[in-house]
>>> print(open('input.txt').read())   # compact mmCIF, C-alpha atoms
# COMPACT_ATOMS: atom_id res chain seq x y z
CA MET B 1171 -1.79 24.06 -8.34
CA THR B 1172 -3.30 21.13 -10.25
CA THR B 1173 0.02 19.24 -10.30
CA ALA B 1174 1.09 20.25 -6.78
CA ILE B 1175 -1.54 18.12 -4.98
CA PRO B 1176 -0.81 14.82 -6.78
CA LEU B 1177 2.93 15.47 -6.37
CA ALA B 1178 2.54 16.12 -2.64
CA LEU B 1179 0.38 12.99 -2.29
CA THR B 1180 2.97 10.88 -4.15
CA VAL B 1181 5.81 12.17 -1.95
CA LEU B 1182 3.68 11.49 1.16
CA LEU B 1183 2.89 7.96 -0.07
CA ILE B 1184 6.56 7.17 -0.73
CA LEU B 1185 7.65 8.59 2.64
CA ALA B 1186 5.01 6.55 4.47
CA SER B 1187 6.13 3.42 2.58
CA VAL B 1188 9.80 3.96 3.44
CA LEU B 1189 8.91 4.47 7.10
CA LEU B 1190 6.75 1.34 7.13
CA ALA B 1191 9.46 -0.66 5.29
CA THR B 1192 12.02 0.36 7.92
CA LEU B 1193 9.66 -0.73 10.69
CA VAL B 1194 8.84 -4.05 8.96
CA SER B 1195 12.54 -4.80 8.29
CA SER B 1196 13.54 -4.09 11.88
CA THR B 1197 11.17 -6.82 13.12
CA ARG B 1198 12.88 -9.43 10.95
CA ALA B 1199 16.27 -10.60 12.17
CA VAL B 1200 18.76 -11.07 9.36
CA ALA B 1201 20.62 -14.39 9.26
CA PRO B 1202 24.35 -14.31 10.03
CA SER B 1203 26.18 -14.19 6.69
CA SER B 1204 28.91 -16.63 7.81
CA SER B 1205 26.47 -19.54 7.82
CA VAL B 1206 25.12 -18.83 4.36
CA ASP B 1207 26.08 -21.31 1.66
CA SER B 1208 27.87 -19.94 -1.44
CA GLY B 1209 25.10 -21.31 -3.67
CA LEU B 1210 22.57 -19.34 -1.64
CA ARG B 1211 24.69 -16.21 -2.01
CA THR B 1212 24.75 -16.69 -5.79
CA THR B 1213 20.97 -17.15 -5.79
CA ALA B 1214 20.49 -14.00 -3.68
CA ARG B 1215 22.79 -11.98 -5.94
CA ARG B 1216 21.06 -13.09 -9.13
CA LEU B 1217 17.64 -12.41 -7.61
CA LEU B 1218 18.68 -8.91 -6.55
CA TRP B 1219 20.14 -7.97 -9.96
CA ALA B 1220 17.17 -9.42 -11.81
CA ARG B 1221 14.76 -7.48 -9.58
CA LEU B 1222 16.72 -4.25 -10.10
CA ALA B 1223 16.70 -4.86 -13.87
CA GLY B 1224 12.95 -5.51 -13.65
CA LEU B 1225 12.50 -2.31 -11.66
CA SER B 1226 14.38 -0.31 -14.34
CA LEU B 1227 12.30 -1.96 -17.06
CA GLY B 1228 9.12 -1.21 -15.11
CA LEU B 1229 10.07 2.44 -14.55
CA THR B 1230 10.84 2.89 -18.27
CA ALA B 1231 7.59 1.18 -19.30
CA SER B 1232 5.72 3.26 -16.74
CA TRP B 1233 7.20 6.50 -18.12
CA LEU B 1234 6.32 5.51 -21.70
CA VAL B 1235 2.77 4.44 -20.77
CA LEU B 1236 2.15 7.62 -18.74
CA ASN B 1237 1.85 9.67 -21.93
CA TRP B 1238 -0.14 7.06 -23.88
CA ASP B 1239 -3.26 9.20 -24.42
CA GLY B 1240 -4.66 12.39 -22.99
CA LEU B 1241 -7.82 10.74 -21.68
CA GLY B 1242 -6.42 9.30 -18.46
CA ARG B 1243 -5.58 5.79 -19.56
CA GLY B 1244 -1.82 6.48 -19.37
CA PRO B 1245 -1.76 7.40 -15.66
CA LEU B 1246 -4.17 4.50 -14.99
CA LEU B 1247 -1.75 1.97 -16.49
CA ALA B 1248 1.54 3.54 -15.32
CA THR B 1249 1.64 1.72 -11.97
CA PRO B 1250 0.64 -1.68 -13.39
CA ALA B 1251 3.46 -1.24 -15.96
CA LEU B 1252 5.90 -0.71 -13.08
CA GLY B 1253 4.51 -3.77 -11.27
CA LEU B 1254 4.78 -5.88 -14.43
CA GLY B 1255 8.47 -4.93 -14.75
CA ILE B 1256 9.18 -6.02 -11.16
CA LEU B 1257 7.21 -9.26 -11.65
CA PHE B 1258 9.11 -10.01 -14.86
CA GLY B 1259 12.44 -9.30 -13.12
CA THR B 1260 11.56 -11.54 -10.18
CA LEU B 1261 10.47 -14.36 -12.49
CA THR B 1262 13.71 -14.04 -14.49
CA GLY B 1263 15.78 -14.05 -11.28
CA GLU B 1264 14.02 -17.16 -9.99
CA ALA B 1265 14.57 -18.89 -13.34
CA ALA B 1266 18.28 -17.96 -13.23
CA ALA B 1267 18.86 -19.45 -9.75
CA PRO B 1268 21.65 -22.08 -9.83
CA ARG B 1269 20.53 -25.70 -10.17
CA PRO B 1270 21.86 -28.51 -7.97
CA HIS B 1271 25.07 -29.88 -9.46
CA GLY B 1272 28.00 -32.08 -8.43
CA ALA B 1273 28.36 -35.84 -8.20
CA ILE B 1274 26.47 -36.34 -4.94
CA ARG B 1275 23.19 -34.49 -4.53
CA GLY B 1276 20.76 -34.51 -1.67
CA ALA B 1277 17.10 -33.64 -1.20
CA SER B 1278 14.81 -33.69 1.79
CA LEU B 1279 11.36 -35.27 1.57
CA GLU B 1280 9.52 -32.10 2.63
CA ILE B 1281 6.63 -30.87 0.50
CA ARG B 1282 6.82 -27.18 -0.36
CA THR B 1283 3.62 -25.37 -1.23
CA ALA B 1284 2.78 -21.78 -2.18
CA ARG B 1285 0.98 -21.43 1.15
CA ASP B 1286 4.30 -21.92 2.97
CA TYR B 1287 5.76 -18.78 1.39
CA LEU B 1288 2.91 -16.44 0.47
CA PRO B 1289 2.41 -13.64 3.02
CA ARG B 1290 -0.68 -14.31 5.15
CA PHE B 1291 -2.01 -10.75 5.08
CA SER B 1292 -0.81 -9.31 1.77
CA ALA B 1293 -1.88 -12.20 -0.50
CA PRO B 1294 -5.56 -12.36 0.60
CA LEU B 1295 -5.62 -8.54 0.53
CA ALA B 1296 -4.44 -8.59 -3.11
CA GLY B 1297 -7.17 -11.13 -3.90
CA ALA B 1298 -9.82 -8.97 -2.22
CA LEU B 1299 -8.63 -5.83 -4.05
CA SER B 1300 -8.74 -7.72 -7.38
CA LEU B 1301 -12.31 -8.81 -6.65
CA VAL B 1302 -13.36 -5.25 -5.74
CA THR B 1303 -11.71 -3.95 -8.94
CA VAL B 1304 -13.54 -6.46 -11.15
CA VAL B 1305 -16.91 -5.80 -9.45
CA LEU B 1306 -16.45 -2.00 -9.57
CA LEU B 1307 -15.42 -2.06 -13.23
CA ALA B 1308 -18.36 -4.36 -14.06
CA VAL B 1309 -20.76 -1.87 -12.44
CA THR B 1310 -19.15 1.20 -14.04
CA THR B 1311 -19.06 -0.54 -17.44
CA ALA B 1312 -22.73 -1.49 -17.17
CA THR B 1313 -23.73 2.10 -16.34
CA ALA B 1314 -21.41 3.86 -18.82
CA SER B 1315 -22.35 5.47 -22.13
CA ALA B 1316 -20.46 6.59 -25.20
CA ASP B 1317 -19.06 10.14 -25.17
CA ASP B 1318 -19.70 12.86 -27.75
CA MET B 1319 -16.92 11.42 -29.95
CA GLY B 1320 -18.57 7.99 -29.96
CA ARG B 1321 -16.02 6.32 -27.65
CA PRO B 1322 -17.96 3.67 -25.73
CA GLY B 1323 -17.89 3.52 -21.93
CA ARG B 1324 -16.46 6.93 -21.12
CA VAL B 1325 -19.28 9.01 -19.62
CA LEU B 1326 -21.97 8.68 -16.99
CA ALA B 1327 -25.15 9.89 -18.68
CA ALA B 1328 -28.71 10.44 -17.51
CA ASN B 1329 -31.15 9.84 -20.38
CA ARG B 1330 -34.65 11.14 -21.05
CA PRO B 1331 -37.47 8.63 -21.60
CA ASP B 1332 -37.09 9.08 -25.38
CA GLY B 1333 -33.44 7.93 -25.14
CA THR B 1334 -31.76 11.29 -25.65
CA VAL B 1335 -29.06 12.39 -23.21
CA ARG B 1336 -30.19 14.85 -20.56
CA SER B 1337 -26.83 15.31 -18.85
CA ALA B 1338 -23.47 13.55 -18.99
CA VAL B 1339 -20.30 13.72 -16.91
CA SER B 1340 -16.88 12.37 -17.79
CA PRO B 1341 -14.51 10.74 -17.25
CA TRP B 1342 -16.40 7.70 -16.02
CA PRO B 1343 -14.44 4.43 -15.70
CA GLY B 1344 -16.49 2.37 -18.15
CA TRP B 1345 -15.33 -0.13 -20.73
CA PHE B 1346 -13.02 2.47 -22.32
CA TYR B 1347 -10.86 2.32 -19.15
CA ALA B 1348 -11.80 -1.16 -17.97
CA TRP B 1349 -10.49 -3.29 -20.83
CA PRO B 1350 -6.88 -2.05 -20.82
CA LEU B 1351 -6.69 -2.27 -17.03
CA LEU B 1352 -8.27 -5.74 -16.84
CA SER B 1353 -5.96 -6.97 -19.63
CA VAL B 1354 -2.86 -5.71 -17.80
CA LEU B 1355 -4.11 -7.17 -14.50
CA ALA B 1356 -4.68 -10.55 -16.17
CA VAL B 1357 -1.07 -10.51 -17.43
CA ALA B 1358 0.13 -9.43 -13.96
CA PHE B 1359 -1.83 -12.27 -12.32
CA LEU B 1360 -0.36 -14.79 -14.78
CA LEU B 1361 3.19 -13.54 -14.18
CA SER B 1362 2.61 -13.61 -10.39
CA ALA B 1363 1.33 -17.20 -10.54
CA LEU B 1364 4.32 -18.27 -12.64
CA ALA B 1365 6.76 -16.49 -10.32
CA VAL B 1366 5.26 -18.02 -7.16
CA HIS B 1367 5.26 -21.46 -8.82
CA ARG B 1368 8.94 -20.99 -9.60
CA VAL B 1369 9.67 -19.78 -6.03
CA VAL B 1370 8.15 -22.98 -4.65
CA ARG B 1371 9.47 -25.47 -7.20
CA ARG B 1372 12.96 -24.24 -7.98
CA GLY B 1373 15.53 -26.78 -6.83
CA ARG B 1374 16.83 -26.59 -3.29
CA LEU B 1375 20.60 -27.08 -3.01
CA ASP B 1376 21.88 -29.73 -0.60
CA LEU B 1377 21.88 -27.65 2.60
CA ASP B 1378 22.10 -28.05 6.35
CA ALA B 1379 19.22 -26.98 8.60
CA ALA B 1380 20.50 -23.40 9.16
CA ALA B 1381 21.08 -22.78 5.45
CA ARG B 1382 17.66 -24.30 4.67
CA ALA B 1383 16.08 -21.75 7.02
CA VAL B 1384 17.89 -18.95 5.15
CA ASP B 1385 16.74 -20.41 1.82
CA ASP B 1386 13.15 -20.53 3.12
CA ALA B 1387 13.42 -16.89 4.22
CA ARG B 1388 14.68 -15.89 0.77
CA ARG B 1389 11.85 -17.78 -0.92
CA ALA B 1390 9.35 -16.11 1.42
CA HIS B 1391 10.87 -12.72 0.54
CA SER B 1392 10.54 -13.47 -3.19
CA ALA B 1393 6.89 -14.43 -2.68
CA ARG B 1394 6.42 -11.18 -0.70
CA VAL B 1395 7.94 -9.16 -3.56
CA VAL B 1396 5.67 -10.90 -6.09
CA THR B 1397 2.59 -10.26 -3.94
CA ALA B 1398 3.61 -6.64 -3.38
CA ALA B 1399 4.24 -6.02 -7.09
CA TYR B 1400 0.86 -7.53 -7.98
CA GLY B 1401 -0.77 -5.62 -5.11
CA ILE B 1402 0.61 -2.32 -6.43
CA CYS B 1403 -0.69 -3.24 -9.91
CA VAL B 1404 -4.19 -3.48 -8.42
CA ALA B 1405 -4.28 -1.05 -5.49
CA LEU B 1406 -3.25 2.26 -7.08
CA PRO B 1407 -5.45 1.96 -10.22
CA LEU B 1408 -8.35 0.93 -7.96
CA ALA B 1409 -7.80 4.05 -5.85
CA GLY B 1410 -7.77 6.15 -9.05
CA ILE B 1411 -10.91 4.51 -10.45
CA ALA B 1412 -12.75 4.96 -7.16
CA VAL B 1413 -11.79 8.66 -6.94
CA VAL B 1414 -12.76 9.34 -10.57
CA ALA B 1415 -16.05 7.41 -10.26
CA GLY B 1416 -16.86 9.13 -6.96
CA ASP B 1417 -16.16 12.55 -8.45
CA ALA B 1418 -18.32 11.81 -11.52
CA LEU B 1419 -21.16 10.55 -9.34
CA HIS B 1420 -20.92 13.66 -7.18
CA ARG B 1421 -21.08 15.91 -10.26
CA GLN B 1422 -23.99 14.03 -11.86
CA SER B 1423 -26.88 16.05 -10.40
CA GLU B 1424 -29.50 13.69 -11.87
CA PHE B 1425 -28.64 10.96 -9.34
CA ILE B 1426 -28.91 13.26 -6.33
CA GLY B 1427 -30.88 10.66 -4.31
CA TRP B 1428 -28.18 8.01 -3.95
CA ALA B 1429 -25.12 9.80 -5.31
CA THR B 1430 -23.92 10.89 -1.85
CA ALA B 1431 -23.95 7.33 -0.48
CA GLY B 1432 -22.25 6.05 -3.64
CA THR B 1433 -19.59 8.77 -3.49
CA CYS B 1434 -18.86 8.03 0.18
CA ALA B 1435 -18.53 4.29 -0.54
CA LEU B 1436 -16.20 4.98 -3.47
CA LEU B 1437 -14.07 7.34 -1.40
CA GLY B 1438 -13.85 4.62 1.27
CA VAL B 1439 -12.62 2.18 -1.38
CA ALA B 1440 -10.10 4.80 -2.58
CA VAL B 1441 -8.70 5.37 0.91
CA LEU B 1442 -8.41 1.61 1.60
CA SER B 1443 -6.73 1.06 -1.77
CA ALA B 1444 -4.27 3.91 -1.21
CA CYS B 1445 -3.40 2.51 2.26
CA SER B 1446 -2.93 -0.93 0.66
CA ALA B 1447 -0.62 0.61 -1.97
CA VAL B 1448 1.50 2.15 0.82
CA TRP B 1449 1.67 -1.27 2.52
CA TYR B 1450 2.70 -3.02 -0.70
CA LEU B 1451 5.34 -0.39 -1.46
CA ALA B 1452 6.72 -0.90 2.06
CA GLU B 1453 6.78 -4.67 1.46
CA LEU B 1454 8.74 -4.08 -1.75
CA LEU B 1455 11.28 -1.90 0.06
CA SER B 1456 11.66 -4.17 3.11
CA ARG B 1457 14.76 -6.34 3.58
CA PRO B 1458 14.67 -10.14 3.59
CA GLY B 1459 15.44 -11.80 6.88
CA ILE B 1460 14.72 -14.78 9.09
CA LYS B 1461 13.50 -15.07 12.63
CA PRO B 1462 16.15 -16.27 15.10
CA SER B 1463 14.23 -19.56 15.64
CA MET R 1374 16.83 -37.15 3.20
CA ILE R 1375 17.74 -38.75 -0.10
CA LYS R 1376 21.23 -38.79 -1.63
CA VAL R 1377 21.98 -39.57 -5.24
CA ASP R 1378 25.45 -40.22 -6.65
CA VAL R 1379 25.28 -39.50 -10.37
CA THR R 1380 28.69 -41.16 -10.92
CA SER R 1381 27.56 -44.45 -9.35
CA PRO R 1382 27.04 -47.44 -11.67
CA SER R 1383 23.57 -47.78 -10.15
CA PRO R 1384 21.19 -45.51 -12.11
CA PRO R 1385 19.75 -42.52 -10.19
CA TYR R 1386 16.14 -43.82 -10.39
CA GLU R 1387 17.25 -47.07 -8.73
CA GLN R 1388 19.08 -45.19 -5.98
CA ILE R 1389 15.94 -43.13 -5.28
CA ARG R 1390 13.71 -46.22 -5.37
CA ALA R 1391 15.99 -48.20 -3.04
CA GLN R 1392 16.31 -45.38 -0.48
CA LEU R 1393 12.58 -44.66 -0.41
CA ALA R 1394 11.74 -48.38 -0.15
CA GLU R 1395 14.13 -48.64 2.80
CA LEU R 1396 12.61 -45.62 4.54
CA ILE R 1397 9.13 -47.12 4.08
CA ARG R 1398 10.18 -50.60 5.25
CA CYS R 1399 11.78 -49.35 8.46
CA GLY R 1400 8.87 -47.02 9.25
CA VAL R 1401 10.60 -43.65 8.83
CA LEU R 1402 7.90 -42.92 6.26
CA ASN R 1403 4.63 -43.96 7.87
CA VAL R 1404 1.47 -45.20 6.20
CA GLY R 1405 -0.29 -42.30 4.44
CA THR R 1406 2.80 -40.07 4.35
CA ARG R 1407 2.87 -38.05 1.16
CA LEU R 1408 6.03 -38.12 -0.93
CA PRO R 1409 7.23 -34.85 -2.48
CA PRO R 1410 5.86 -34.07 -5.96
CA VAL R 1411 7.92 -35.62 -8.76
CA ARG R 1412 8.87 -32.21 -10.20
CA GLN R 1413 9.99 -30.83 -6.83
CA LEU R 1414 12.19 -33.84 -6.01
CA ALA R 1415 13.63 -33.80 -9.54
CA ALA R 1416 14.45 -30.08 -9.23
CA ASP R 1417 16.02 -30.55 -5.78
CA LEU R 1418 18.21 -33.40 -7.04
CA GLY R 1419 18.98 -31.70 -10.37
CA LEU R 1420 17.62 -34.72 -12.25
CA ALA R 1421 15.16 -35.16 -15.10
CA VAL R 1422 11.49 -35.40 -14.12
CA GLY R 1423 11.28 -38.79 -15.89
CA THR R 1424 14.01 -40.22 -13.61
CA VAL R 1425 12.08 -39.49 -10.42
CA ALA R 1426 8.79 -40.48 -12.08
CA ARG R 1427 10.30 -43.88 -12.94
CA ALA R 1428 11.43 -44.41 -9.33
CA TYR R 1429 7.88 -43.58 -8.12
CA ARG R 1430 6.39 -45.96 -10.72
CA GLU R 1431 8.66 -48.79 -9.55
CA LEU R 1432 7.67 -48.13 -5.92
CA GLU R 1433 4.00 -48.17 -6.94
CA ARG R 1434 4.46 -51.46 -8.79
CA ALA R 1435 6.13 -52.99 -5.72
CA GLY R 1436 3.21 -51.91 -3.52
CA TYR R 1437 5.06 -49.34 -1.43
CA VAL R 1438 3.10 -46.29 -2.56
CA SER R 1439 -0.05 -45.39 -4.43
CA GLY R 1440 -0.24 -42.43 -6.76
CA LYS R 1441 -3.47 -40.60 -7.47
CA ARG R 1442 -3.93 -37.70 -9.83
CA GLY R 1443 -4.34 -34.59 -7.69
CA GLY R 1444 -3.83 -36.52 -4.43
CA GLY R 1445 -0.08 -37.03 -4.68
CA THR R 1446 1.88 -40.20 -3.95
CA ARG R 1447 1.24 -41.73 -0.54
CA VAL R 1448 2.84 -44.58 1.41
CA LEU R 1449 0.73 -47.77 1.57
CA PRO R 1450 0.48 -50.16 4.54
CA GLN R 1451 3.18 -52.85 4.32
CA PRO R 1452 2.17 -56.53 4.74
CA GLU R 1453 5.54 -57.83 6.01
CA PRO R 1454 6.73 -56.91 9.54
CA GLN R 1455 8.60 -53.60 9.38
CA MET R 1456 12.30 -53.44 10.13
CA THR R 1457 12.96 -50.78 12.76
CA ARG R 1458 15.15 -47.77 12.04
CA ALA R 1459 17.65 -48.95 14.68
CA ASP R 1460 17.83 -52.40 13.01
CA LEU R 1461 18.54 -50.74 9.69
CA ILE R 1462 21.30 -48.50 11.11
CA GLU R 1463 22.85 -51.57 12.75
CA GLN R 1464 22.68 -53.48 9.48
CA HIS R 1465 24.45 -50.63 7.63
CA ALA R 1466 27.07 -50.40 10.41
CA ARG R 1467 27.80 -54.11 10.15
CA ALA R 1468 28.19 -53.85 6.37
CA TYR R 1469 30.55 -50.88 6.83
CA LEU R 1470 32.67 -52.72 9.42
CA THR R 1471 32.91 -55.70 7.07
CA GLU R 1472 34.23 -53.40 4.31
CA VAL R 1473 36.76 -51.78 6.70
CA ALA R 1474 37.94 -55.23 7.87
CA ARG R 1475 38.31 -56.36 4.23
CA LEU R 1476 40.65 -53.38 3.71
CA GLY R 1477 42.67 -54.44 6.77
CA GLY R 1478 41.34 -51.72 9.08
CA SER R 1479 40.30 -51.96 12.72
CA ALA R 1480 36.99 -51.05 14.39
CA GLU R 1481 38.70 -47.99 15.99
CA GLU R 1482 39.76 -46.74 12.58
CA ALA R 1483 36.23 -47.26 11.31
CA VAL R 1484 34.79 -45.19 14.21
CA GLU R 1485 37.37 -42.43 13.67
CA ALA R 1486 36.49 -42.29 9.96
CA VAL R 1487 32.77 -42.04 10.79
CA GLN R 1488 33.43 -39.22 13.28
CA ALA R 1489 35.57 -37.34 10.73
CA ALA R 1490 32.87 -37.76 8.06
CA ALA R 1491 30.15 -36.57 10.47
CA HIS R 1492 32.26 -33.54 11.37
CA ALA R 1493 32.80 -32.70 7.68
CA ASP R 1494 29.15 -33.21 6.67
CA PRO R 1495 26.78 -32.84 9.67
CA ALA R 1496 23.73 -33.57 7.44
>>> encode(input="input.txt", output="structure tokens")
Amino acid sequence: MTTAIPLALTVLLILASVLLATLVSSTRAVAPSSSVDSGLRTTARRLLWARLAGLSLGLTASWLVLNWDGLGRGPLLATPALGLGILFGTLTGEAAAPRPHGAIRGASLEIRTARDYLPRFSAPLAGALSLVTVVLLAVTTATASADDMGRPGRVLAANRPDGTVRSAVSPWPGWFYAWPLLSVLAVAFLLSALAVHRVVRRGRLDLDAAARAVDDARRAHSARVVTAAYGICVALPLAGIAVVAGDALHRQSEFIGWATAGTCALLGVAVLSACSAVWYLAELLSRPGIKPS
Amino acid sequence: MIKVDVTSPSPPYEQIRAQLAELIRCGVLNVGTRLPPVRQLAADLGLAVGTVARAYRELERAGYVSGKRGGGTRVLPQPEPQMTRADLIEQHARAYLTEVARLGGSAEEAVEAVQAAAHADPA
């Protein structure tokens, strides 16, 4: 019974993502393959293989991390490990894209920026989720206490005036859970920034207008994958933290006055984060394409 | 659009400098237009960053552009009267016809060659 609910939720989340990915892909017209330059095809192939290799690496890392300890840190870091694998794969694929070669080379005088390629909804959403995660972990760390084994930042305790513990509930996402998650998120952010920088700055082959549009669409897709991988790194752990913190607050009878409001707010954060995770998973599964214009 | 022939006796930085100077002189690149970042142009042309940086430095020295840290490289106002784009195309056409005539070709042959080249490489 205890494993059936998370399993059902995971299956539901994946199904919703696949459905959303199909809908998102159908709104993006795919460029006719006959007009695509061979250099672009090589780039696309290398990107795809590198991403798949990254996905395999991420799944393996995720599986290994899942059983890290029995105190909940493994499941907390499993999704970020998967995201890190995809980010690493995307960065490797971008770095392996063919460079301009040949005797005569051409370049346009356009200026490419990250803003041209980053998705307008997903990227700010990932930023907002990161901010909420940092603020929530700062609050939970500040209010956490050490558990009965002396591990700091693992329980929510209510103390008597003399400093002794009156009641304590755990797990509580204090420093014990915050530091590994924040460390992994910092690495994920760094990898995302490097990958987006590479998406923008990697050399553009000498192309005609139609092939340039395809190249732009591929770069935008890479930026979307990077944003989605980072978004998954943040969204699912945030949902987990919010649920665990909400549950602990609900069980801590000493804070009866404001616990209900706090629990409702945390559940709201959890629902929004879970919906964001579904969106990011759909973005990861969606196909690259360009608009007919 | 900038083209660089790496087999040409003229070094790549000079080819970049000359083409950009021409685009600025004939007004294709207006006052205040920002040039692409050195690293981006170098990556697009498959050249070393130092090559493009040298071309930008030469343009800055000649008063075509001004480079500011964080603000990019922008086109400066030009004191001499600007040659129009049409004038420049005509000038290149005349030079091409002169070369064709030197090889013993006619104007018709020159036009046919241009049409064939345009068909092969629309850019």
>>> residues_around(input="input.txt", residues="R:Val1411", least_positions_apart="4", cutoff="12 Å", atoms="all atoms listed in the file", output="list in words")
Leu1279, Ile1281, Arg1282, Arg1371 and Gly1373 of chain B; Tyr1386, Ile1389, Arg1407, Ala1415, Ala1416, Asp1417, Leu1418, Gly1419, Leu1420, Ala1421, Val1422, Gly1423, Thr1424, Val1425, Ala1426, Arg1427, Ala1428, Tyr1429, Arg1430, Gly1440, Gly1445 and Thr1446 of chain R
>>> closest_atom_pairs(input="input.txt", of="chain B", to="chain R", cutoff="7 Å", atoms="all atoms listed in the file", output="JSON lines")
{"residue": "B:Arg1269", "atom": "CA", "partner": "R:Gly1419", "partner_atom": "CA", "distance": 6.2}
{"residue": "B:Pro1270", "atom": "CA", "partner": "R:Gly1419", "partner_atom": "CA", "distance": 4.9}
{"residue": "B:His1271", "atom": "CA", "partner": "R:Gly1419", "partner_atom": "CA", "distance": 6.4}
{"residue": "B:Ala1273", "atom": "CA", "partner": "R:Val1379", "partner_atom": "CA", "distance": 5.3}
{"residue": "B:Ile1274", "atom": "CA", "partner": "R:Asp1378", "partner_atom": "CA", "distance": 4.4}
{"residue": "B:Arg1275", "atom": "CA", "partner": "R:Val1377", "partner_atom": "CA", "distance": 5.3}
{"residue": "B:Gly1276", "atom": "CA", "partner": "R:Lys1376", "partner_atom": "CA", "distance": 4.3}
{"residue": "B:Ala1277", "atom": "CA", "partner": "R:Ile1375", "partner_atom": "CA", "distance": 5.3}
{"residue": "B:Ser1278", "atom": "CA", "partner": "R:Met1374", "partner_atom": "CA", "distance": 4.2}
{"residue": "B:Leu1279", "atom": "CA", "partner": "R:Pro1409", "partner_atom": "CA", "distance": 5.8}
{"residue": "B:Glu1280", "atom": "CA", "partner": "R:Pro1409", "partner_atom": "CA", "distance": 6.2}
{"residue": "B:Ile1281", "atom": "CA", "partner": "R:Pro1409", "partner_atom": "CA", "distance": 5.0}
{"residue": "B:Arg1371", "atom": "CA", "partner": "R:Gln1413", "partner_atom": "CA", "distance": 5.4}
{"residue": "B:Arg1372", "atom": "CA", "partner": "R:Ala1416", "partner_atom": "CA", "distance": 6.2}
{"residue": "B:Gly1373", "atom": "CA", "partner": "R:Asp1417", "partner_atom": "CA", "distance": 3.9}
{"residue": "B:Arg1374", "atom": "CA", "partner": "R:Asp1417", "partner_atom": "CA", "distance": 4.7}
{"residue": "B:Leu1375", "atom": "CA", "partner": "R:Asp1417", "partner_atom": "CA", "distance": 6.4}
{"residue": "B:Asp1378", "atom": "CA", "partner": "R:Ala1496", "partner_atom": "CA", "distance": 5.9}
>>> atom_distance(input="input.txt", atom1="atom CA of B:Tyr1287", atom2="atom CA of B:Ser1300")
20.2 Å
>>> closest_residue(input="input.txt", among="B:Leu1225, B:Ala1418, B:Cys1403, B:Ala1348", to="B:Ala1327", atoms="only C-alpha atoms")
B:Ala1418
>>> closest_residue(input="input.txt", among="B:Val1396, B:Val1357, B:Leu1185, B:Ala1405", to="B:Thr1303", atoms="all atoms listed in the file")
B:Ala1405
>>> residues_around(input="input.txt", residues="B:Val1369", least_positions_apart="4", cutoff="8 Å", atoms="all atoms listed in the file", output="number ranges by chain")
B: 1264, 1365, 1389, 1392-1393
>>> residues_near_point(input="input.txt", point="(-6.0, -10.1, -15.7)", cutoff="12 Å", atoms="all atoms listed in the file", output="list in words")
Pro1250, Leu1254, Gly1297, Ser1300, Leu1301, Thr1303, Val1304, Ala1348, Trp1349, Pro1350, Leu1351, Leu1352, Ser1353, Val1354, Leu1355, Ala1356, Val1357, Ala1358, Phe1359, Leu1360, Leu1361, Ser1362, Ala1363, Tyr1400, Cys1403 and Val1404 of chain B
>>> atom_distance(input="input.txt", atom1="atom CA of B:Asp1318", atom2="atom CA of B:Leu1246")
21.8 Å
>>> closest_residue(input="input.txt", among="B:Arg1324, B:Arg1290, B:Arg1330, B:Arg1394", to="B:Phe1346", atoms="only C-alpha atoms")
B:Arg1324
>>> closest_residue(input="input.txt", among="R:Leu1449, R:Ala1474, R:Arg1467, R:His1492", to="R:Thr1406", atoms="all atoms listed in the file")
R:Leu1449
>>> atom_distance(input="input.txt", atom1="atom CA of B:Thr1311", atom2="atom CA of B:Trp1342")
8.8 Å
>>> residues_around(input="input.txt", residues="B:Val1395", least_positions_apart="5", cutoff="9 Å", atoms="only C-alpha atoms", output="list in words")
Ile1256, Leu1257, Thr1260, Ala1390, Tyr1400, Tyr1450, Glu1453, Leu1454 and Leu1455 of chain B
>>> residues_around(input="input.txt", residues="R:Pro1452", least_positions_apart="4", cutoff="12 Å", atoms="all atoms listed in the file", output="PyMOL selection string")
chain R and resi 1397-1398+1404+1435-1437+1456
>>> write_last_selection(input="input.txt", atoms="C-alpha atoms", output="mmCIF file, in the frame of the given file")
data_model
loop_
_atom_site.group_PDB
_atom_site.id
_atom_site.type_symbol
_atom_site.label_atom_id
_atom_site.label_comp_id
_atom_site.auth_asym_id
_atom_site.auth_seq_id
_atom_site.Cartn_x
_atom_site.Cartn_y
_atom_site.Cartn_z
ATOM 1 C CA ILE R 1397 9.130 -47.120 4.080
ATOM 2 C CA ARG R 1398 10.180 -50.600 5.250
ATOM 3 C CA VAL R 1404 1.470 -45.200 6.200
ATOM 4 C CA ALA R 1435 6.130 -52.990 -5.720
ATOM 5 C CA GLY R 1436 3.210 -51.910 -3.520
ATOM 6 C CA TYR R 1437 5.060 -49.340 -1.430
ATOM 7 C CA MET R 1456 12.300 -53.440 10.130
#
>>> residues_around(input="input.txt", residues="stretch 1480-1487 of chain R", least_positions_apart="4", cutoff="7 Å", atoms="all atoms listed in the file", output="PDB file with C-alpha atoms, in the frame of the given file")
ATOM      1  CA  LEU R1470      32.670 -52.720   9.420  1.00  0.00           C
ATOM      2  CA  VAL R1473      36.760 -51.780   6.700  1.00  0.00           C
ATOM      3  CA  ALA R1491      30.150 -36.570  10.470  1.00  0.00           C
TER       4      ALA R1491
END
